[in-house]
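**Student:** Next comes run.csv, CSV, C-alpha atoms:
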```csv
chain,number,residue,atom,x,y,z
Y,1,MET,CA,0.9,-32.9,27.3
Y,2,SER,CA,1.6,-32.5,23.6
Y,3,ALA,CA,5.1,-32.6,22.1
Y,4,THR,CA,6.8,-29.3,21.3
Y,5,LEU,CA,7.8,-28.9,17.7
Y,6,GLU,CA,10.9,-26.9,16.7
Y,7,VAL,CA,11.7,-25.6,13.2
Y,8,GLU,CA,14.1,-23.1,11.8
Y,9,SER,CA,14.2,-20.7,8.9
Y,10,THR,CA,17.0,-18.5,7.6
Y,11,LEU,CA,17.1,-14.7,7.2
Y,12,THR,CA,18.1,-13.4,3.8
Y,13,ASP,CA,20.3,-10.4,3.3
Y,14,ARG,CA,17.1,-8.3,3.3
Y,15,TYR,CA,16.0,-9.7,6.7
Y,16,GLN,CA,13.2,-11.8,5.0
Y,17,THR,CA,12.4,-15.4,5.7
Y,18,THR,CA,10.0,-18.1,4.6
Y,19,VAL,CA,7.6,-19.3,7.3
Y,20,PRO,CA,8.1,-23.0,7.5
Y,21,GLU,CA,5.2,-25.2,6.4
Y,22,THR,CA,4.7,-26.7,9.8
Y,23,VAL,CA,4.2,-23.1,11.3
Y,24,ARG,CA,1.9,-22.1,8.4
Y,25,ARG,CA,-0.2,-25.2,9.0
Y,26,ALA,CA,-0.3,-24.6,12.8
Y,27,LEU,CA,-1.3,-21.0,12.4
Y,28,ASN,CA,-3.6,-21.7,9.4
Y,29,LEU,CA,-1.8,-19.1,7.4
Y,30,GLY,CA,-2.5,-18.4,3.7
Y,31,LYS,CA,-0.9,-16.1,1.2
Y,32,ARG,CA,-1.1,-12.4,2.2
Y,33,ASP,CA,-2.1,-13.2,5.7
Y,34,LYS,CA,-0.6,-11.1,8.5
Y,35,ILE,CA,1.5,-12.4,11.4
Y,36,HIS,CA,1.4,-10.9,14.8
Y,37,TYR,CA,4.6,-10.9,17.0
Y,38,THR,CA,4.5,-10.7,20.8
Y,39,ILE,CA,7.9,-9.9,22.3
Y,40,ARG,CA,8.2,-11.0,26.0
Y,41,PRO,CA,10.5,-9.3,28.5
Y,42,SER,CA,12.6,-12.5,28.5
Y,43,GLY,CA,13.4,-12.0,24.8
Y,44,GLU,CA,11.1,-14.8,23.8
Y,45,VAL,CA,8.9,-14.0,20.7
Y,46,MET,CA,5.5,-15.5,20.2
Y,47,LEU,CA,4.1,-15.8,16.7
Y,48,THR,CA,0.4,-15.8,16.1
Y,49,ARG,CA,-1.9,-15.3,13.1
Y,50,ALA,CA,-3.1,-11.7,13.1
Y,51,GLU,CA,-6.9,-11.5,12.7
Y,52,PRO,CA,-7.9,-9.0,10.0
Y,53,SER,CA,-9.7,-5.9,11.3
Y,54,GLU,CA,-13.0,-4.7,9.8
Y,55,GLU,CA,-11.0,-1.9,8.2
Y,56,ASP,CA,-8.7,-4.2,6.2
Y,57,ASP,CA,-9.9,-4.3,2.6
Y,58,PRO,CA,-7.6,-6.2,0.3
Y,59,VAL,CA,-9.1,-4.8,-2.8
Y,60,LEU,CA,-8.9,-1.2,-1.5
Y,61,GLY,CA,-5.3,-1.8,-0.3
Y,62,GLN,CA,-4.3,-3.1,-3.8
Y,63,PHE,CA,-5.9,-0.1,-5.5
Y,64,LEU,CA,-4.3,2.4,-3.2
Y,65,GLY,CA,-0.9,0.7,-3.8
Y,66,PHE,CA,-1.5,0.9,-7.5
Y,67,LEU,CA,-2.3,4.7,-7.2
Y,68,ALA,CA,0.8,5.2,-5.0
Y,69,ASN,CA,3.0,3.5,-7.6
Y,70,ASP,CA,1.5,5.4,-10.5
Y,71,ILE,CA,1.9,8.8,-8.7
Y,72,THR,CA,5.5,7.9,-7.9
Y,73,ARG,CA,6.3,6.9,-11.4
Y,74,HIS,CA,4.4,9.6,-13.2
Y,75,PRO,CA,4.1,12.7,-10.9
Y,76,GLU,CA,3.9,15.0,-14.0
Y,77,GLN,CA,0.4,13.6,-14.7
Y,78,LEU,CA,-1.1,14.9,-11.4
Y,79,GLN,CA,-3.6,17.7,-12.0
Y,80,SER,CA,-5.5,19.8,-9.5
Y,81,MET,CA,-9.3,20.0,-9.7
Y,82,ASP,CA,-10.6,23.4,-10.8
Y,83,ALA,CA,-13.2,25.2,-8.7
Y,84,GLY,CA,-15.9,24.6,-11.3
Y,85,PHE,CA,-15.5,20.9,-11.2
Y,86,VAL,CA,-15.6,20.9,-7.4
Y,87,GLN,CA,-18.8,23.0,-7.4
Y,88,ARG,CA,-20.4,20.6,-10.0
Y,89,LEU,CA,-19.6,17.6,-7.7
Y,90,GLN,CA,-21.1,19.5,-4.7
Y,91,SER,CA,-24.3,20.3,-6.7
Y,92,LEU,CA,-24.7,16.6,-7.5
Y,93,VAL,CA,-24.4,15.6,-3.8
Y,94,GLY,CA,-26.5,18.5,-2.5
Y,95,ASP,CA,-27.2,18.3,1.2
Y,96,LEU,CA,-26.9,14.5,1.4
Y,97,ASP,CA,-26.5,13.3,4.9
Y,98,LEU,CA,-24.2,10.3,4.8
Y,99,ASP,CA,-23.0,8.1,7.7
Y,100,LEU,CA,-20.1,6.0,6.5
Y,101,ASP,CA,-20.5,3.7,9.5
Y,102,VAL,CA,-24.0,2.6,8.6
Y,103,PRO,CA,-24.3,-0.5,6.4
Y,104,LEU,CA,-25.9,-0.1,3.0
Y,105,PRO,CA,-29.4,-1.5,2.8
Y,106,ALA,CA,-29.9,-4.9,1.0
Y,107,ASP,CA,-31.1,-4.8,-2.6
Y,108,ASP,CA,-34.6,-5.9,-1.7
Y,109,GLU,CA,-35.2,-3.0,0.7
```
I'd like the structure from this file rewritten - as structure tokens, please.

**Tutor:**
Amino acid sequence: MSATLEVESTLTDRYQTTVPETVRRALNLGKRDKIHYTIRPSGEVMLTRAEPSEEDDPVLGQFLGFLANDITRHPEQLQSMDAGFVQRLQSLVGDLDLDLDVPLPADDE
């Protein structure tokens, strides 16, 4: 039976903490990784590394965060699209049948 390790960390005034190095190593955590918490009826909390889902896209997440910040800071710059622009976009797409769940073909196909 392996030994149990115990470590502590402190909560800041904003309820944040640093994950101790021994825990980061045990869970193989890197920067920006997510942590999953399981709370048991006894009050015990189990910490595990959250596995990224297929829908997690760090680049898209950063871009959407950038857009959200820009909209918050500069709402006066938001503009609606006029009907002519929307019609032009629709004419470029035509009757394209697109399934977003199908992978794109490789370059050599």

**Student:** Ranking Y:Ser80, Y:Asp107, Y:Gly43, Y:Thr18 by minimum distance to Lys31 of chain Y and counting all atoms listed in the file, which one comes first?

**Tutor:** Y:Thr18

**Student:** For a quick check of understanding, using all atoms listed in the file, which of Y:Leu64, Y:Met81, Y:Ala26, Y:Val93 has the smallest distance to Thr48 of chain Y?

**Tutor:**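 Smallest separation from Thr48 of chain Y among the options: Y:Ala26.
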
**Student:** Residues at most 10 Å from Asn28 of chain Y, counting all atoms listed in the file, excluding those fewer than 5 positions away in the same chain, as a list in words?

**Tutor:**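 Final neighbour list, sorted by chain and number: Glu21, Thr22, Val23, Asp33, Thr48 and Arg49 of chain Y.
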
**Student:** Keeping only C-alpha atoms, take the residues you just selected and write them out as a short mmCIF file (atom, residue, chain, number, x, y, z; two decimals), in the coordinates of the input.

**Tutor:**
```cif
data_model
loop_
_atom_site.label_atom_id
_atom_site.label_comp_id
_atom_site.auth_asym_id
_atom_site.auth_seq_id
_atom_site.Cartn_x
_atom_site.Cartn_y
_atom_site.Cartn_z
CA GLU Y 21 5.20 -25.20 6.40
CA THR Y 22 4.70 -26.70 9.80
CA VAL Y 23 4.20 -23.10 11.30
CA ASP Y 33 -2.10 -13.20 5.70
CA THR Y 48 0.40 -15.80 16.10
CA ARG Y 49 -1.90 -15.30 13.10
#
```

**Student:** Give me the residues within 12 Å of segment 60-62 of chain Y as a list in words, counting only C-alpha atoms and dropping any in the same chain fewer than 6 places off.

**Tutor:** Arg32, Ala68 and Asn69 of chain Y

**Student:** Give as a list in words the set of residues within 12 Å of the point (5.4, -28.2, 11.9), where distances use the file's coordinates and all atoms listed in the file.

**Tutor:** Ala3, Thr4, Leu5, Glu6, Val7, Glu8, Ser9, Val19, Pro20, Glu21, Thr22, Val23, Arg24, Arg25, Ala26, Leu27 and Asn28 of chain Y

**Student:** Suppose you want the space between atom CA of Lys34 of chain Y and atom CA of Asp57 of chain Y; what is it in Å?

**Tutor:**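 Pair atom CA of Lys34 of chain Y / atom CA of Asp57 of chain Y returns 12.9 Å.
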
**Student:** Take atom CA of Phe63 of chain Y and atom CA of Gln77 of chain Y and report the distance between them in Å, one decimal.

**Tutor:**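 Straight-line distance from atom CA of Phe63 of chain Y to atom CA of Gln77 of chain Y works out to 17.7 Å.
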
**Student:** Provide the atom CA of Leu29 of chain Y to atom CA of Ala50 of chain Y distance in Å, to one decimal place.

**Tutor:** 9.4 Å

**Student:** Dump segment 47-81 of chain Y with N, CA and C atoms to a file, as a PDB file, in the first residue's frame.

**Tutor:**
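Saved result, part11.pdb, follows:
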```pdb
ATOM      1  N   LEU Y  47     -10.225  15.689  -5.997  1.00  0.00           N
ATOM      2  CA  LEU Y  47      -9.717  16.564  -7.047  1.00  0.00           C
ATOM      3  C   LEU Y  47      -9.098  15.702  -8.133  1.00  0.00           C
ATOM      4  N   THR Y  48      -9.515  15.869  -9.382  1.00  0.00           N
ATOM      5  CA  THR Y  48      -8.919  15.146 -10.498  1.00  0.00           C
ATOM      6  C   THR Y  48      -8.680  16.114 -11.651  1.00  0.00           C
ATOM      7  N   ARG Y  49      -7.885  15.698 -12.582  1.00  0.00           N
ATOM      8  CA  ARG Y  49      -7.636  16.506 -13.781  1.00  0.00           C
ATOM      9  C   ARG Y  49      -8.830  16.339 -14.705  1.00  0.00           C
ATOM     10  N   ALA Y  50      -9.429  17.448 -15.120  1.00  0.00           N
ATOM     11  CA  ALA Y  50     -10.553  17.389 -16.051  1.00  0.00           C
ATOM     12  C   ALA Y  50      -9.999  17.143 -17.445  1.00  0.00           C
ATOM     13  N   GLU Y  51     -10.555  16.175 -18.124  1.00  0.00           N
ATOM     14  CA  GLU Y  51     -10.130  15.892 -19.487  1.00  0.00           C
ATOM     15  C   GLU Y  51     -10.848  16.851 -20.431  1.00  0.00           C
ATOM     16  N   PRO Y  52     -10.110  17.457 -21.346  1.00  0.00           N
ATOM     17  CA  PRO Y  52     -10.749  18.404 -22.265  1.00  0.00           C
ATOM     18  C   PRO Y  52     -11.743  17.679 -23.168  1.00  0.00           C
ATOM     19  N   SER Y  53     -12.868  18.336 -23.417  1.00  0.00           N
ATOM     20  CA  SER Y  53     -13.847  17.747 -24.327  1.00  0.00           C
ATOM     21  C   SER Y  53     -13.471  18.113 -25.754  1.00  0.00           C
ATOM     22  N   GLU Y  54     -14.082  17.430 -26.716  1.00  0.00           N
ATOM     23  CA  GLU Y  54     -13.815  17.718 -28.121  1.00  0.00           C
ATOM     24  C   GLU Y  54     -14.188  19.153 -28.461  1.00  0.00           C
ATOM     25  N   GLU Y  55     -15.126  19.718 -27.714  1.00  0.00           N
ATOM     26  CA  GLU Y  55     -15.617  21.054 -28.030  1.00  0.00           C
ATOM     27  C   GLU Y  55     -14.739  22.162 -27.448  1.00  0.00           C
ATOM     28  N   ASP Y  56     -13.791  21.812 -26.563  1.00  0.00           N
ATOM     29  CA  ASP Y  56     -12.885  22.819 -26.011  1.00  0.00           C
ATOM     30  C   ASP Y  56     -11.862  23.203 -27.069  1.00  0.00           C
ATOM     31  N   ASP Y  57     -11.811  24.455 -27.390  1.00  0.00           N
ATOM     32  CA  ASP Y  57     -10.849  24.970 -28.358  1.00  0.00           C
ATOM     33  C   ASP Y  57     -10.200  26.187 -27.727  1.00  0.00           C
ATOM     34  N   PRO Y  58      -8.952  26.061 -27.259  1.00  0.00           N
ATOM     35  CA  PRO Y  58      -8.331  27.179 -26.548  1.00  0.00           C
ATOM     36  C   PRO Y  58      -8.205  28.437 -27.400  1.00  0.00           C
ATOM     37  N   VAL Y  59      -7.959  28.290 -28.691  1.00  0.00           N
ATOM     38  CA  VAL Y  59      -7.816  29.460 -29.552  1.00  0.00           C
ATOM     39  C   VAL Y  59      -9.158  30.155 -29.703  1.00  0.00           C
ATOM     40  N   LEU Y  60     -10.198  29.365 -29.940  1.00  0.00           N
ATOM     41  CA  LEU Y  60     -11.533  29.950 -30.074  1.00  0.00           C
ATOM     42  C   LEU Y  60     -11.959  30.612 -28.772  1.00  0.00           C
ATOM     43  N   GLY Y  61     -11.669  29.971 -27.654  1.00  0.00           N
ATOM     44  CA  GLY Y  61     -12.010  30.545 -26.354  1.00  0.00           C
ATOM     45  C   GLY Y  61     -11.324  31.884 -26.126  1.00  0.00           C
ATOM     46  N   GLN Y  62     -10.054  31.974 -26.483  1.00  0.00           N
ATOM     47  CA  GLN Y  62      -9.332  33.235 -26.330  1.00  0.00           C
ATOM     48  C   GLN Y  62      -9.897  34.305 -27.256  1.00  0.00           C
ATOM     49  N   PHE Y  63     -10.238  33.916 -28.483  1.00  0.00           N
ATOM     50  CA  PHE Y  63     -10.797  34.875 -29.430  1.00  0.00           C
ATOM     51  C   PHE Y  63     -12.154  35.385 -28.942  1.00  0.00           C
ATOM     52  N   LEU Y  64     -12.998  34.475 -28.463  1.00  0.00           N
ATOM     53  CA  LEU Y  64     -14.306  34.896 -27.957  1.00  0.00           C
ATOM     54  C   LEU Y  64     -14.159  35.787 -26.726  1.00  0.00           C
ATOM     55  N   GLY Y  65     -13.172  35.484 -25.892  1.00  0.00           N
ATOM     56  CA  GLY Y  65     -12.900  36.348 -24.745  1.00  0.00           C
ATOM     57  C   GLY Y  65     -12.455  37.736 -25.177  1.00  0.00           C
ATOM     58  N   PHE Y  66     -11.613  37.787 -26.211  1.00  0.00           N
ATOM     59  CA  PHE Y  66     -11.181  39.071 -26.762  1.00  0.00           C
ATOM     60  C   PHE Y  66     -12.385  39.863 -27.269  1.00  0.00           C
ATOM     61  N   LEU Y  67     -13.272  39.199 -28.026  1.00  0.00           N
ATOM     62  CA  LEU Y  67     -14.468  39.878 -28.544  1.00  0.00           C
ATOM     63  C   LEU Y  67     -15.349  40.386 -27.408  1.00  0.00           C
ATOM     64  N   ALA Y  68     -15.565  39.560 -26.399  1.00  0.00           N
ATOM     65  CA  ALA Y  68     -16.410  39.963 -25.273  1.00  0.00           C
ATOM     66  C   ALA Y  68     -15.834  41.184 -24.563  1.00  0.00           C
ATOM     67  N   ASN Y  69     -14.524  41.191 -24.350  1.00  0.00           N
ATOM     68  CA  ASN Y  69     -13.888  42.350 -23.710  1.00  0.00           C
ATOM     69  C   ASN Y  69     -14.007  43.598 -24.566  1.00  0.00           C
ATOM     70  N   ASP Y  70     -13.814  43.445 -25.872  1.00  0.00           N
ATOM     71  CA  ASP Y  70     -13.893  44.594 -26.769  1.00  0.00           C
ATOM     72  C   ASP Y  70     -15.314  45.162 -26.816  1.00  0.00           C
ATOM     73  N   ILE Y  71     -16.299  44.285 -26.852  1.00  0.00           N
ATOM     74  CA  ILE Y  71     -17.698  44.741 -26.868  1.00  0.00           C
ATOM     75  C   ILE Y  71     -18.039  45.450 -25.564  1.00  0.00           C
ATOM     76  N   THR Y  72     -17.539  44.926 -24.460  1.00  0.00           N
ATOM     77  CA  THR Y  72     -17.790  45.553 -23.159  1.00  0.00           C
ATOM     78  C   THR Y  72     -17.143  46.933 -23.083  1.00  0.00           C
ATOM     79  N   ARG Y  73     -15.927  47.034 -23.598  1.00  0.00           N
ATOM     80  CA  ARG Y  73     -15.201  48.306 -23.498  1.00  0.00           C
ATOM     81  C   ARG Y  73     -15.623  49.322 -24.552  1.00  0.00           C
ATOM     82  N   HIS Y  74     -16.143  48.858 -25.691  1.00  0.00           N
ATOM     83  CA  HIS Y  74     -16.487  49.775 -26.783  1.00  0.00           C
ATOM     84  C   HIS Y  74     -17.846  49.435 -27.405  1.00  0.00           C
ATOM     85  N   PRO Y  75     -18.912  49.460 -26.614  1.00  0.00           N
ATOM     86  CA  PRO Y  75     -20.228  49.095 -27.178  1.00  0.00           C
ATOM     87  C   PRO Y  75     -20.687  50.061 -28.274  1.00  0.00           C
ATOM     88  N   GLU Y  76     -20.167  51.269 -28.265  1.00  0.00           N
ATOM     89  CA  GLU Y  76     -20.567  52.250 -29.276  1.00  0.00           C
ATOM     90  C   GLU Y  76     -20.107  51.857 -30.681  1.00  0.00           C
ATOM     91  N   GLN Y  77     -19.185  50.918 -30.783  1.00  0.00           N
ATOM     92  CA  GLN Y  77     -18.673  50.511 -32.092  1.00  0.00           C
ATOM     93  C   GLN Y  77     -19.461  49.357 -32.719  1.00  0.00           C
ATOM     94  N   LEU Y  78     -20.435  48.821 -32.002  1.00  0.00           N
ATOM     95  CA  LEU Y  78     -21.264  47.748 -32.560  1.00  0.00           C
ATOM     96  C   LEU Y  78     -22.139  48.307 -33.678  1.00  0.00           C
ATOM     97  N   GLN Y  79     -22.227  47.575 -34.765  1.00  0.00           N
ATOM     98  CA  GLN Y  79     -23.056  47.987 -35.893  1.00  0.00           C
ATOM     99  C   GLN Y  79     -23.874  46.800 -36.365  1.00  0.00           C
ATOM    100  N   SER Y  80     -25.091  47.070 -36.776  1.00  0.00           N
ATOM    101  CA  SER Y  80     -25.913  45.996 -37.328  1.00  0.00           C
ATOM    102  C   SER Y  80     -25.575  45.827 -38.810  1.00  0.00           C
ATOM    103  N   MET Y  81     -25.805  44.630 -39.325  1.00  0.00           N
ATOM    104  CA  MET Y  81     -25.576  44.376 -40.750  1.00  0.00           C
ATOM    105  C   MET Y  81     -26.830  44.771 -41.511  1.00  0.00           C
TER     106      MET Y  81
END
```
